[in-house]
Amino acid sequence: METRSRSERTADSRALILDAAVACLVSDGYAGASTLAVQARAGVSRGRLLHHFPSREELLVAAASHLVNEMLTEAADQAEQLDVADPVERVERCVELNWALFQQPPFWAAMELWNAARTDEALRAALRTEERRLVQAIRAAADRIWGPAAKANPRYPVLRELLFTSMRGVAIAYSFQDRPAATDPHLSMWKDLAREMLG
């Protein structure tokens, strides 16, 4: 019982630190997401933070990955609960679900890391391995969102990559443009593209 209790406390403090790190990344950017800022936001001791994450780079990469994976799972769960019989409407809903992922805090946390990694060698090294895992998680979540019928289409892998790279690029503009993402003009183009490619 004591071991289980200790492991639960460890898992809780780790999750608390990861959530605080993401919050710092989103609100203060990479420069403001210092280990001291994360420690203060999480309300943990320096020793506890360093026990879980010996370096700032490991902490921030783990934090972004943690929340991105949660977000992807939640979106895929929502897609599997879609009760849409009409295939055209389902395509539209899937595009909307995909686009919504790029409006959430985990996306902005990841963007902060990608931008900083261009000039930060230690961060780039920490990101390299995790980025490969993250790409696989994104593809797996997209497959769940679109479902078996779309996934069976030979053009689906191309559509999945086109939507991901295009949506990521368009989403970056929202860091300095204040407009509703749900009315973005690209949304109708992505829907047209998806309908055409999936037949």
# chains A, B, ... in the order shown; residues from 1 in each chain; ligands from 1
$ residues_around --residues "stretch 43-48 of chain A" --least-positions-apart "3" --cutoff "12 Å" --atoms "only C-alpha atoms" --output "list in words"
Arg9, Thr10, Ala11, Asp12, Ser13, Arg14, Ala15, Leu16, Ile17, Leu18, Asp19, Ala20, Ala21, Thr35, Leu36, Ala37, Val38, Gln39, Ala40, His51, His52, Phe53, Pro54 and Ser55 of chain A
$ write_last_selection --atoms "N, CA, C and O atoms" --output "compact mmCIF listing (two decimals), in the first residue's frame"
# COMPACT_ATOMS: atom_id res chain seq x y z
N ARG A 9 1.83 9.49 -5.65
CA ARG A 9 2.29 10.86 -5.38
C ARG A 9 3.31 11.30 -6.42
O ARG A 9 3.32 12.45 -6.86
N THR A 10 4.17 10.39 -6.83
CA THR A 10 5.17 10.70 -7.86
C THR A 10 4.50 11.06 -9.18
O THR A 10 4.86 12.04 -9.83
N ALA A 11 3.50 10.27 -9.56
CA ALA A 11 2.78 10.53 -10.81
C ALA A 11 2.05 11.86 -10.74
O ALA A 11 2.04 12.64 -11.71
N ASP A 12 1.47 12.17 -9.58
CA ASP A 12 0.75 13.43 -9.41
C ASP A 12 1.69 14.63 -9.53
O ASP A 12 1.37 15.62 -10.18
N SER A 13 2.84 14.55 -8.88
CA SER A 13 3.76 15.68 -8.93
C SER A 13 4.35 15.84 -10.32
O SER A 13 4.54 16.96 -10.79
N ARG A 14 4.58 14.74 -11.02
CA ARG A 14 5.08 14.82 -12.39
C ARG A 14 4.05 15.50 -13.29
O ARG A 14 4.39 16.39 -14.07
N ALA A 15 2.78 15.10 -13.15
CA ALA A 15 1.72 15.71 -13.96
C ALA A 15 1.57 17.19 -13.63
O ALA A 15 1.37 18.02 -14.53
N LEU A 16 1.70 17.54 -12.36
CA LEU A 16 1.61 18.94 -11.94
C LEU A 16 2.72 19.77 -12.58
O LEU A 16 2.48 20.88 -13.08
N ILE A 17 3.91 19.22 -12.61
CA ILE A 17 5.06 19.92 -13.21
C ILE A 17 4.86 20.07 -14.72
O ILE A 17 5.11 21.14 -15.29
N LEU A 18 4.40 19.01 -15.37
CA LEU A 18 4.19 19.06 -16.82
C LEU A 18 3.11 20.09 -17.18
O LEU A 18 3.28 20.87 -18.12
N ASP A 19 2.02 20.11 -16.43
CA ASP A 19 0.95 21.08 -16.70
C ASP A 19 1.46 22.51 -16.50
O ASP A 19 1.13 23.41 -17.27
N ALA A 20 2.27 22.72 -15.46
CA ALA A 20 2.82 24.05 -15.20
C ALA A 20 3.77 24.47 -16.32
O ALA A 20 3.78 25.64 -16.74
N ALA A 21 4.55 23.53 -16.82
CA ALA A 21 5.50 23.85 -17.90
C ALA A 21 4.76 24.24 -19.18
O ALA A 21 5.15 25.20 -19.86
N THR A 35 13.03 26.97 -15.52
CA THR A 35 12.71 25.96 -14.51
C THR A 35 12.20 26.62 -13.23
O THR A 35 11.34 26.07 -12.55
N LEU A 36 12.70 27.83 -12.92
CA LEU A 36 12.21 28.54 -11.73
C LEU A 36 10.75 28.95 -11.89
O LEU A 36 9.96 28.85 -10.95
N ALA A 37 10.39 29.41 -13.10
CA ALA A 37 9.00 29.80 -13.36
C ALA A 37 8.07 28.58 -13.28
O ALA A 37 6.99 28.65 -12.70
N VAL A 38 8.52 27.46 -13.84
CA VAL A 38 7.72 26.23 -13.80
C VAL A 38 7.58 25.74 -12.35
O VAL A 38 6.50 25.36 -11.91
N GLN A 39 8.68 25.78 -11.62
CA GLN A 39 8.67 25.36 -10.21
C GLN A 39 7.69 26.19 -9.40
O GLN A 39 6.89 25.65 -8.62
N ALA A 40 7.71 27.50 -9.60
CA ALA A 40 6.81 28.39 -8.86
C ALA A 40 5.36 28.12 -9.23
O ALA A 40 4.48 28.05 -8.36
N HIS A 51 14.37 16.08 -9.79
CA HIS A 51 14.27 14.62 -9.70
C HIS A 51 13.54 14.06 -10.93
O HIS A 51 13.94 13.04 -11.49
N HIS A 52 12.49 14.75 -11.33
CA HIS A 52 11.72 14.29 -12.49
C HIS A 52 12.38 14.70 -13.80
O HIS A 52 12.36 13.95 -14.78
N PHE A 53 12.91 15.92 -13.84
CA PHE A 53 13.45 16.47 -15.10
C PHE A 53 14.79 17.16 -14.82
O PHE A 53 14.82 18.31 -14.41
N PRO A 54 15.88 16.45 -15.07
CA PRO A 54 17.22 17.00 -14.77
C PRO A 54 17.60 18.24 -15.59
O PRO A 54 18.45 19.00 -15.18
N SER A 55 16.96 18.43 -16.74
CA SER A 55 17.31 19.61 -17.55
C SER A 55 16.04 20.32 -18.01
O SER A 55 14.97 19.72 -18.10
$ atom_distance --atom1 "atom CA of A:Val61" --atom2 "atom CA of A:Ala110"
8.2 Å
$ closest_residue --among "A:Leu159, A:Ile172, A:Val88, A:Ala126" --to "A:Arg195" --atoms "only C-alpha atoms"
A:Val88
$ select_by_dssp --residues "stretch 12-186 of chain A" --states "alpha helix (DSSP H)" --output "JSON, numbers by chain"
{"A": [12, 13, 14, 15, 16, 17, 18, 19, 20, 21, 22, 23, 24, 25, 26, 27, 28, 29, 30, 31, 32, 35, 36, 37, 38, 39, 40, 41, 42, 46, 47, 48, 49, 50, 51, 52, 56, 57, 58, 59, 60, 61, 62, 63, 64, 65, 66, 67, 68, 69, 70, 71, 72, 73, 74, 75, 76, 77, 78, 79, 80, 87, 88, 89, 90, 91, 92, 93, 94, 95, 96, 97, 98, 99, 100, 101, 105, 106, 107, 108, 109, 110, 111, 112, 113, 114, 115, 116, 117, 121, 122, 123, 124, 125, 126, 127, 128, 129, 130, 131, 132, 133, 134, 135, 136, 137, 138, 139, 140, 141, 142, 143, 144, 145, 146, 147, 148, 149, 150, 151, 156, 157, 158, 159, 160, 161, 162, 163, 164, 165, 166, 167, 168, 169, 170, 171, 172, 185, 186]}
$ write_last_selection --atoms "C-alpha atoms" --output "compact mmCIF listing (two decimals), in the first residue's frame"
# COMPACT_ATOMS: atom_id res chain seq x y z
CA ASP A 12 0.75 13.43 -9.41
CA SER A 13 3.76 15.68 -8.93
CA ARG A 14 5.08 14.82 -12.39
CA ALA A 15 1.72 15.71 -13.96
CA LEU A 16 1.61 18.94 -11.94
CA ILE A 17 5.06 19.92 -13.21
CA LEU A 18 4.19 19.06 -16.82
CA ASP A 19 0.95 21.08 -16.70
CA ALA A 20 2.82 24.05 -15.20
CA ALA A 21 5.50 23.85 -17.90
CA VAL A 22 2.90 23.89 -20.67
CA ALA A 23 1.14 26.84 -19.04
CA CYS A 24 4.45 28.73 -18.92
CA LEU A 25 5.20 27.93 -22.57
CA VAL A 26 1.78 29.10 -23.71
CA SER A 27 1.59 32.26 -21.59
CA ASP A 28 5.25 33.36 -21.46
CA GLY A 29 6.87 31.64 -24.45
CA TYR A 30 10.06 29.61 -24.44
CA ALA A 31 12.15 32.43 -22.97
CA GLY A 32 9.79 32.78 -20.01
CA THR A 35 12.71 25.96 -14.51
CA LEU A 36 12.21 28.54 -11.73
CA ALA A 37 9.00 29.80 -13.36
CA VAL A 38 7.72 26.23 -13.80
CA GLN A 39 8.67 25.36 -10.21
CA ALA A 40 6.81 28.39 -8.86
CA ARG A 41 3.71 27.70 -10.96
CA ALA A 42 3.67 24.02 -10.00
CA ARG A 46 13.57 22.54 -6.70
CA GLY A 47 14.68 19.04 -5.74
CA ARG A 48 11.37 17.49 -6.78
CA LEU A 49 11.44 19.23 -10.16
CA LEU A 50 15.06 18.16 -10.83
CA HIS A 51 14.27 14.62 -9.70
CA HIS A 52 11.72 14.29 -12.49
CA ARG A 56 15.07 22.40 -18.76
CA GLU A 57 15.06 20.96 -22.27
CA GLU A 58 13.83 17.55 -21.10
CA LEU A 59 11.15 19.21 -19.00
CA LEU A 60 9.75 21.39 -21.78
CA VAL A 61 9.82 18.66 -24.43
CA ALA A 62 8.11 16.21 -22.06
CA ALA A 63 5.51 18.84 -21.14
CA ALA A 64 4.56 19.63 -24.73
CA SER A 65 4.43 15.94 -25.66
CA HIS A 66 2.32 15.12 -22.60
CA LEU A 67 -0.37 17.64 -23.45
CA VAL A 68 -0.28 17.05 -27.21
CA ASN A 69 -0.88 13.34 -26.63
CA GLU A 70 -3.82 14.11 -24.32
CA MET A 71 -5.28 16.51 -26.88
CA LEU A 72 -4.91 13.99 -29.73
CA THR A 73 -6.57 11.23 -27.73
CA GLU A 74 -9.48 13.49 -26.81
CA ALA A 75 -10.00 14.58 -30.44
CA ALA A 76 -9.89 10.99 -31.69
CA ASP A 77 -12.38 9.94 -29.00
CA GLN A 78 -14.73 12.73 -30.13
CA ALA A 79 -14.44 11.60 -33.75
CA GLU A 80 -15.28 8.01 -32.89
CA PRO A 87 -20.25 10.58 -45.91
CA VAL A 88 -19.96 14.18 -47.13
CA GLU A 89 -20.96 15.55 -43.75
CA ARG A 90 -18.55 13.18 -42.02
CA VAL A 91 -15.68 14.47 -44.17
CA GLU A 92 -16.57 18.03 -43.20
CA ARG A 93 -16.72 17.18 -39.50
CA CYS A 94 -13.36 15.38 -39.68
CA VAL A 95 -11.73 18.40 -41.33
CA GLU A 96 -13.20 20.65 -38.62
CA LEU A 97 -11.88 18.34 -35.87
CA ASN A 98 -8.43 18.34 -37.44
CA TRP A 99 -8.41 22.13 -37.74
CA ALA A 100 -9.55 22.56 -34.11
CA LEU A 101 -6.36 20.81 -32.95
CA PRO A 105 -2.65 25.45 -26.18
CA PRO A 106 -0.64 22.28 -26.89
CA PHE A 107 -0.10 23.43 -30.48
CA TRP A 108 1.26 26.78 -29.31
CA ALA A 109 3.49 25.11 -26.73
CA ALA A 110 4.93 22.90 -29.47
CA MET A 111 5.41 25.92 -31.75
CA GLU A 112 7.41 27.69 -29.05
CA LEU A 113 9.74 24.69 -28.86
CA TRP A 114 10.10 24.26 -32.62
CA ASN A 115 10.98 27.94 -33.05
CA ALA A 116 13.48 27.94 -30.19
CA ALA A 117 15.11 24.70 -31.39
CA GLU A 121 21.33 22.98 -29.89
CA ALA A 122 20.44 21.35 -26.55
CA LEU A 123 16.72 21.81 -27.17
CA ARG A 124 17.06 20.54 -30.74
CA ALA A 125 18.76 17.37 -29.49
CA ALA A 126 16.05 16.82 -26.86
CA LEU A 127 13.31 17.38 -29.44
CA ARG A 128 14.73 15.13 -32.14
CA THR A 129 13.72 11.79 -30.64
CA GLU A 130 10.44 13.02 -29.20
CA GLU A 131 9.46 14.66 -32.49
CA ARG A 132 9.51 11.29 -34.27
CA ARG A 133 7.23 9.81 -31.60
CA LEU A 134 4.96 12.82 -31.82
CA VAL A 135 4.60 12.56 -35.59
CA GLN A 136 3.55 8.93 -35.18
CA ALA A 137 1.03 9.93 -32.49
CA ILE A 138 -0.40 12.66 -34.74
CA ARG A 139 -0.80 10.21 -37.62
CA ALA A 140 -2.43 7.62 -35.37
CA ALA A 141 -4.87 10.20 -34.01
CA ALA A 142 -5.70 11.38 -37.55
CA ASP A 143 -6.38 7.76 -38.56
CA ARG A 144 -8.82 7.43 -35.65
CA ILE A 145 -10.48 10.75 -36.51
CA TRP A 146 -11.01 9.78 -40.16
CA GLY A 147 -11.93 6.16 -39.44
CA PRO A 148 -11.44 2.89 -41.31
CA ALA A 149 -13.35 3.83 -44.47
CA ALA A 150 -11.24 6.91 -45.19
CA LYS A 151 -8.05 5.17 -44.10
CA TYR A 156 -5.77 9.05 -47.68
CA PRO A 157 -2.09 9.14 -46.58
CA VAL A 158 -1.45 12.03 -48.96
CA LEU A 159 -4.55 13.88 -47.76
CA ARG A 160 -3.53 13.38 -44.13
CA GLU A 161 -0.08 14.91 -44.72
CA LEU A 162 -1.43 17.75 -46.86
CA LEU A 163 -3.97 18.74 -44.23
CA PHE A 164 -1.44 18.54 -41.42
CA THR A 165 1.23 20.68 -43.08
CA SER A 166 -1.27 23.16 -44.50
CA MET A 167 -3.22 23.57 -41.25
CA ARG A 168 -0.01 24.00 -39.27
CA GLY A 169 1.15 26.72 -41.64
CA VAL A 170 -2.17 28.60 -41.61
CA ALA A 171 -2.44 28.30 -37.81
CA ILE A 172 0.85 30.18 -37.33
CA PRO A 185 -11.39 30.77 -45.65
CA HIS A 186 -9.02 27.79 -45.87
